[in-house]
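J.: Sharing coords_20.cif below, mmCIF, C-alpha atoms:
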```cif
data_work
#
loop_
_atom_site.label_atom_id
_atom_site.label_comp_id
_atom_site.auth_asym_id
_atom_site.auth_seq_id
_atom_site.Cartn_x
_atom_site.Cartn_y
_atom_site.Cartn_z
CA MET A 1 -7.52 22.83 13.35
CA ASP A 2 -9.31 19.52 13.93
CA SER A 3 -10.85 19.63 10.45
CA LYS A 4 -7.35 19.58 8.87
CA ARG A 5 -6.46 16.37 10.68
CA ASP A 6 -7.01 13.25 8.64
CA ILE A 7 -8.11 9.84 9.85
CA PHE A 8 -4.52 8.75 10.53
CA ASP A 9 -3.84 11.81 12.70
CA LYS A 10 -6.99 11.02 14.65
CA ILE A 11 -6.01 7.37 15.09
CA MET A 12 -2.54 8.33 16.28
CA SER A 13 -4.12 10.77 18.78
CA LEU A 14 -5.86 7.91 20.60
CA PRO A 15 -4.60 7.53 24.17
CA ILE A 16 -3.05 4.13 23.52
CA LEU A 17 -1.02 5.48 20.54
CA LYS A 18 -0.37 9.03 21.74
CA CYS A 19 3.18 8.20 22.86
CA PHE A 20 4.06 7.42 19.21
CA TYR A 21 2.51 10.65 17.89
CA PRO A 22 5.72 12.73 17.76
CA PHE A 23 7.50 10.00 15.74
CA TYR A 24 4.44 9.61 13.51
CA LYS A 25 4.18 13.36 12.91
CA MET A 26 7.88 13.61 12.02
CA HIS A 27 7.76 10.64 9.59
CA LYS A 28 4.10 10.70 8.53
CA GLU A 29 4.65 10.75 4.76
CA LEU A 30 7.13 7.86 4.85
CA LEU A 31 4.99 5.79 7.25
CA LEU A 32 1.87 6.27 5.12
CA TYR A 33 3.85 5.49 1.96
CA LEU A 34 5.03 2.22 3.52
CA PHE A 35 1.55 1.39 4.84
CA PHE A 36 -0.14 1.95 1.49
CA GLY A 37 2.74 0.28 -0.34
CA GLY A 38 2.06 -2.82 1.74
CA ALA A 39 -1.64 -2.51 1.00
CA SER A 40 -0.86 -2.21 -2.74
CA PHE A 41 1.21 -5.40 -2.45
CA ILE A 42 -1.82 -7.15 -0.93
CA VAL A 43 -4.12 -5.79 -3.66
CA SER A 44 -1.69 -6.99 -6.33
CA VAL A 45 -1.09 -10.49 -4.95
CA GLY A 46 -4.71 -10.93 -3.83
CA SER A 47 -6.24 -9.91 -7.14
CA TYR A 48 -3.64 -11.96 -9.05
CA THR A 49 -4.52 -15.01 -6.96
CA TYR A 50 -8.21 -14.48 -7.69
CA PHE A 51 -7.66 -14.01 -11.44
CA ASP A 52 -5.22 -16.93 -11.63
CA LEU A 53 -6.83 -19.54 -9.37
CA SER A 54 -10.54 -18.65 -9.39
CA LEU A 55 -10.95 -17.38 -12.95
CA ASN A 56 -8.16 -19.56 -14.41
CA LEU A 57 -6.76 -16.70 -16.46
CA ASN A 58 -3.35 -17.05 -18.06
CA GLU A 59 -0.74 -15.83 -15.56
CA LEU A 60 0.35 -12.92 -17.76
CA ILE A 61 -3.23 -11.72 -18.28
CA ALA A 62 -4.00 -12.21 -14.57
CA ASN A 63 -0.90 -10.17 -13.75
CA PHE A 64 -1.89 -7.38 -16.14
CA TRP A 65 -5.32 -7.00 -14.50
CA SER A 66 -3.86 -7.20 -11.00
CA TRP A 67 -1.31 -4.53 -12.04
CA ILE A 68 -4.12 -2.21 -13.14
CA LEU A 69 -5.93 -2.63 -9.81
CA ALA A 70 -2.77 -2.24 -7.71
CA VAL A 71 -1.49 0.83 -9.58
CA LEU A 72 -4.93 2.46 -9.44
CA PHE A 73 -5.09 1.73 -5.70
CA ALA A 74 -1.57 3.12 -5.22
CA TYR A 75 -2.38 6.24 -7.23
CA ILE A 76 -5.55 7.01 -5.27
CA THR A 77 -4.07 6.35 -1.83
CA ASN A 78 -0.84 8.23 -2.57
CA LYS A 79 -2.77 11.18 -3.96
CA ILE A 80 -5.28 11.43 -1.12
CA TRP A 81 -3.42 10.32 2.01
CA VAL A 82 0.32 10.10 1.45
CA PHE A 83 1.06 13.28 -0.49
CA ASN A 84 -2.29 15.09 -0.02
CA ILE A 85 -2.33 16.34 -3.64
CA ARG A 86 -5.26 18.39 -4.90
CA THR A 87 -5.78 18.60 -8.67
CA ARG A 88 -7.73 21.58 -9.97
CA THR A 89 -8.98 20.37 -13.37
CA ILE A 90 -10.03 17.12 -15.02
CA ALA A 91 -7.40 17.65 -17.74
CA LEU A 92 -4.64 17.87 -15.12
CA LEU A 93 -6.06 14.82 -13.32
CA VAL A 94 -5.99 12.77 -16.53
CA LYS A 95 -2.38 13.88 -17.20
CA GLU A 96 -1.44 12.97 -13.64
CA ILE A 97 -2.99 9.50 -13.91
CA ILE A 98 -1.34 8.83 -17.29
CA LYS A 99 2.03 9.94 -15.91
CA PHE A 100 1.66 7.70 -12.84
CA PHE A 101 0.67 4.63 -14.88
CA THR A 102 3.37 5.30 -17.49
CA GLY A 103 5.96 5.48 -14.73
CA ARG A 104 4.99 1.96 -13.67
CA LEU A 105 5.03 0.41 -17.16
CA ALA A 106 8.73 -0.52 -17.03
CA THR A 107 8.26 -2.53 -13.85
CA LEU A 108 5.15 -4.18 -15.32
CA LEU A 109 7.32 -5.43 -18.18
CA VAL A 110 9.93 -6.72 -15.73
CA GLU A 111 7.23 -8.48 -13.72
CA GLU A 112 5.66 -10.01 -16.84
CA CYS A 113 9.11 -11.34 -17.87
CA ILE A 114 9.66 -12.87 -14.43
CA LEU A 115 6.26 -14.58 -14.55
CA TYR A 116 6.78 -15.76 -18.12
CA ILE A 117 10.19 -17.28 -17.39
CA PHE A 118 9.43 -18.87 -14.02
CA ILE A 119 5.79 -19.90 -14.47
CA THR A 120 5.27 -20.41 -18.20
CA LYS A 121 8.69 -21.80 -19.10
CA LEU A 122 9.98 -23.34 -15.85
CA ASP A 123 6.62 -24.31 -14.29
CA PHE A 124 7.30 -22.82 -10.84
CA GLY A 125 4.40 -22.16 -8.45
CA SER A 126 2.34 -19.22 -9.65
CA ILE A 127 1.70 -17.45 -6.34
CA ALA A 128 5.27 -17.84 -5.06
CA VAL A 129 6.62 -16.38 -8.31
CA LYS A 130 4.11 -13.50 -8.12
CA ILE A 131 5.25 -12.66 -4.59
CA PHE A 132 8.91 -12.80 -5.66
CA ALA A 133 8.14 -10.62 -8.71
CA GLN A 134 6.34 -8.10 -6.50
CA ILE A 135 9.40 -7.80 -4.26
CA VAL A 136 11.57 -7.14 -7.34
CA VAL A 137 9.02 -4.54 -8.55
CA ILE A 138 8.95 -2.78 -5.18
CA ILE A 139 12.74 -2.48 -5.21
CA LEU A 140 12.79 -1.26 -8.82
CA ASN A 141 9.98 1.28 -8.22
CA TYR A 142 11.95 2.66 -5.30
CA ILE A 143 15.14 2.89 -7.38
CA ILE A 144 13.34 4.44 -10.37
#
```
What do you get writing this file as structure tokens?

T.:
Amino acid sequence: MDSKRDIFDKIMSLPILKCFYPFYKMHKELLLYLFFGGASFIVSVGSYTYFDLSLNLNELIANFWSWILAVLFAYITNKIWVFNIRTRTIALLVKEIIKFFTGRLATLLVEECILYIFITKLDFGSIAVKIFAQIVVIILNYII
């Protein structure tokens, strides 16, 4: 039984958190989805900031690379911890990855448009616009 428990189950079993365990167990998938969604947000904004400010990449190129990192992070964490999905073959894994990335392409285009309009054309602050665009993307990904 203990071998089937993941790291989050073990953390929530600690004496200080044990009182929250029933709530956690009932809503585990949603809580982990929110946790890793927040982590994906940090990966996206953090990597964008690095590409934009440290490497001085164009904001649209910086956003594209940060999108790749964030979507890859989201795919891996959702697969392993949120939904606990096991894929039997490499061919199925490749299909799964392509499907996941393809599903996020529409919101990448929306985000690129937001950055283009507000940073390139209107000269708003890059990081503030990225954060705003990420909030829009989160809402759209949920709706889609």

J.: Around the point (-4.3, 11.9, 12.0) in the file's coordinates, collect all residues with an atom within 12 Å, using all atoms listed in the file, and return them as an NGL selection string.

T.: :A and (1-14 or 17-18 or 20-22 or 24-25 or 28-29 or 32 or 81-82)

J.: Using all atoms listed in the file, which residue out of A:Ile76, A:Ile138, A:Tyr48, A:Val129 lies closest to A:Phe101?

T.: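 Under the stated criterion, the closest residue is A:Ile76.
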
J.: Run through the PyMOL selection byres ((chain A and resi 61) around 12) on the given coordinates and return the selected residues as a PyMOL selection string.

T.: chain A and resi 47-49+51-52+55-60+62-68+108+111-112+115-116

J.: Have a look at atom CA of A:Gly103 and atom CA of A:Asn78 and let me know their distance in Å, one decimal.

T.: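 Distance between the two atoms: 14.2 Å.
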
J.: May I ask which of the residues A:Thr89, A:Gly37, A:Ile98, A:Arg104 is the closest one to A:Ala74, counting only C-alpha atoms?

T.: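 Ranking A:Thr89, A:Gly37, A:Ile98, A:Arg104 by distance to A:Ala74, first place goes to A:Gly37.
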
J.: Which one of A:Leu34, A:Val43, A:Ile16, A:Leu105 sits closest to A:Leu69 if you count all atoms listed in the file?

T.: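 The shortest atom-to-atom distance to A:Leu69 comes from A:Val43.
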
J.: Rounded to one decimal place, report the atom CA of A:Val71-atom CA of A:Ile117 distance in Å.

T.: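 Here the two named atoms are 22.9 Å from each other.
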
J.: Determine the nearest neighbour of A:Tyr142 from the options A:Ala70, A:Tyr33, A:Ala39, A:Ile119, counting all atoms listed in the file.

T.: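 Answer, going by the shortest atom-to-atom distance: A:Tyr33.
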
J.: Select, from A:Ile131, A:Val137, A:Ile144, A:Val94, the residue with the minimum atom-to-atom distance to A:Val45, counting all atoms listed in the file.

T.: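 The closest residue to A:Val45 is A:Ile131.
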
J.: Figure out the distance between atom CA of A:Leu140 and atom CA of A:Thr107, please, to one decimal in Å.

T.: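 It comes out at 6.9 Å.
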
J.: Set up a box along x, y and z of the file covering all listed atoms of stretch 91-110 of chain A, add 3 Å on every one of the six sides, and write the centre and edge lengths in Å to one decimal, as AutoDock Vina command-line options.

T.:
```
--center_x 1.3 --center_y 5.6 --center_z -15.5 --size_x 23.3 --size_y 30.6 --size_z 11.3
```

J.: Using only C-alpha atoms, which residue out of A:Ile127, A:Asn84, A:Lys79, A:Ile97 lies closest to A:Leu53?

T.: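 Checking each candidate against A:Leu53, we get A:Ile127 as the closest.
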
J.: My structure is short of atoms at stretch 98-130 of chain A; please model N, CA and C atoms there, returning them as an mmCIF file, in the coordinates of the input.

T.:
```cif
data_model
loop_
_atom_site.group_PDB
_atom_site.id
_atom_site.type_symbol
_atom_site.label_atom_id
_atom_site.label_comp_id
_atom_site.auth_asym_id
_atom_site.auth_seq_id
_atom_site.Cartn_x
_atom_site.Cartn_y
_atom_site.Cartn_z
ATOM 1 N N ILE A 98 -2.130 9.397 -16.193
ATOM 2 C CA ILE A 98 -1.340 8.830 -17.290
ATOM 3 C C ILE A 98 0.140 8.797 -16.920
ATOM 4 N N LYS A 99 0.622 9.865 -16.329
ATOM 5 C CA LYS A 99 2.030 9.940 -15.910
ATOM 6 C C LYS A 99 2.348 8.861 -14.861
ATOM 7 N N PHE A 100 1.449 8.684 -13.894
ATOM 8 C CA PHE A 100 1.660 7.700 -12.840
ATOM 9 C C PHE A 100 1.698 6.286 -13.420
ATOM 10 N N PHE A 101 0.718 5.958 -14.275
ATOM 11 C CA PHE A 101 0.670 4.630 -14.880
ATOM 12 C C PHE A 101 1.871 4.403 -15.792
ATOM 13 N N THR A 102 2.236 5.416 -16.578
ATOM 14 C CA THR A 102 3.370 5.300 -17.490
ATOM 15 C C THR A 102 4.663 5.039 -16.712
ATOM 16 N N GLY A 103 4.784 5.682 -15.561
ATOM 17 C CA GLY A 103 5.960 5.480 -14.730
ATOM 18 C C GLY A 103 6.086 4.059 -14.220
ATOM 19 N N ARG A 104 4.983 3.352 -14.156
ATOM 20 C CA ARG A 104 4.990 1.960 -13.670
ATOM 21 C C ARG A 104 5.063 0.926 -14.789
ATOM 22 N N LEU A 105 5.021 1.358 -16.044
ATOM 23 C CA LEU A 105 5.030 0.410 -17.160
ATOM 24 C C LEU A 105 6.314 -0.422 -17.233
ATOM 25 N N ALA A 106 7.456 0.208 -16.957
ATOM 26 C CA ALA A 106 8.730 -0.520 -17.030
ATOM 27 C C ALA A 106 8.747 -1.680 -16.044
ATOM 28 N N THR A 107 8.250 -1.452 -14.827
ATOM 29 C CA THR A 107 8.260 -2.530 -13.850
ATOM 30 C C THR A 107 7.190 -3.582 -14.161
ATOM 31 N N LEU A 108 6.117 -3.181 -14.859
ATOM 32 C CA LEU A 108 5.150 -4.180 -15.320
ATOM 33 C C LEU A 108 5.830 -5.130 -16.303
ATOM 34 N N LEU A 109 6.616 -4.585 -17.200
ATOM 35 C CA LEU A 109 7.320 -5.430 -18.180
ATOM 36 C C LEU A 109 8.299 -6.370 -17.490
ATOM 37 N N VAL A 110 9.006 -5.874 -16.495
ATOM 38 C CA VAL A 110 9.930 -6.720 -15.730
ATOM 39 C C VAL A 110 9.148 -7.839 -15.043
ATOM 40 N N GLU A 111 8.035 -7.480 -14.425
ATOM 41 C CA GLU A 111 7.230 -8.480 -13.720
ATOM 42 C C GLU A 111 6.662 -9.515 -14.681
ATOM 43 N N GLU A 112 6.191 -9.079 -15.839
ATOM 44 C CA GLU A 112 5.660 -10.010 -16.840
ATOM 45 C C GLU A 112 6.767 -10.976 -17.297
ATOM 46 N N CYS A 113 7.981 -10.469 -17.472
ATOM 47 C CA CYS A 113 9.110 -11.340 -17.870
ATOM 48 C C CYS A 113 9.411 -12.370 -16.795
ATOM 49 N N ILE A 114 9.411 -11.934 -15.534
ATOM 50 C CA ILE A 114 9.660 -12.870 -14.430
ATOM 51 C C ILE A 114 8.597 -13.968 -14.425
ATOM 52 N N LEU A 115 7.331 -13.588 -14.546
ATOM 53 C CA LEU A 115 6.260 -14.580 -14.550
ATOM 54 C C LEU A 115 6.363 -15.506 -15.766
ATOM 55 N N TYR A 116 6.654 -14.945 -16.907
ATOM 56 C CA TYR A 116 6.780 -15.760 -18.120
ATOM 57 C C TYR A 116 7.892 -16.811 -17.981
ATOM 58 N N ILE A 117 9.046 -16.358 -17.514
ATOM 59 C CA ILE A 117 10.190 -17.280 -17.390
ATOM 60 C C ILE A 117 9.927 -18.347 -16.337
ATOM 61 N N PHE A 118 9.512 -17.920 -15.135
ATOM 62 C CA PHE A 118 9.430 -18.870 -14.020
ATOM 63 C C PHE A 118 8.140 -19.686 -13.968
ATOM 64 N N ILE A 119 7.044 -19.134 -14.490
ATOM 65 C CA ILE A 119 5.790 -19.900 -14.470
ATOM 66 C C ILE A 119 5.572 -20.610 -15.797
ATOM 67 N N THR A 120 5.574 -19.838 -16.887
ATOM 68 C CA THR A 120 5.270 -20.410 -18.200
ATOM 69 C C THR A 120 6.344 -21.383 -18.657
ATOM 70 N N LYS A 121 7.598 -20.970 -18.557
ATOM 71 C CA LYS A 121 8.690 -21.800 -19.100
ATOM 72 C C LYS A 121 9.215 -22.825 -18.095
ATOM 73 N N LEU A 122 9.369 -22.424 -16.829
ATOM 74 C CA LEU A 122 9.980 -23.340 -15.850
ATOM 75 C C LEU A 122 8.978 -24.023 -14.932
ATOM 76 N N ASP A 123 7.704 -23.662 -15.032
ATOM 77 C CA ASP A 123 6.620 -24.310 -14.290
ATOM 78 C C ASP A 123 6.756 -24.202 -12.763
ATOM 79 N N PHE A 124 7.253 -23.066 -12.283
ATOM 80 C CA PHE A 124 7.300 -22.820 -10.840
ATOM 81 C C PHE A 124 5.891 -22.475 -10.352
ATOM 82 N N GLY A 125 5.688 -22.503 -9.041
ATOM 83 C CA GLY A 125 4.400 -22.160 -8.450
ATOM 84 C C GLY A 125 4.022 -20.708 -8.714
ATOM 85 N N SER A 126 2.822 -20.527 -9.202
ATOM 86 C CA SER A 126 2.340 -19.220 -9.650
ATOM 87 C C SER A 126 2.371 -18.158 -8.555
ATOM 88 N N ILE A 127 1.825 -18.459 -7.403
ATOM 89 C CA ILE A 127 1.700 -17.450 -6.340
ATOM 90 C C ILE A 127 3.074 -17.107 -5.766
ATOM 91 N N ALA A 128 3.919 -18.098 -5.574
ATOM 92 C CA ALA A 128 5.270 -17.840 -5.060
ATOM 93 C C ALA A 128 6.055 -16.948 -6.023
ATOM 94 N N VAL A 129 5.926 -17.200 -7.314
ATOM 95 C CA VAL A 129 6.620 -16.380 -8.310
ATOM 96 C C VAL A 129 6.053 -14.959 -8.302
ATOM 97 N N LYS A 130 4.737 -14.832 -8.179
ATOM 98 C CA LYS A 130 4.110 -13.500 -8.120
ATOM 99 C C LYS A 130 4.639 -12.708 -6.930
#
```
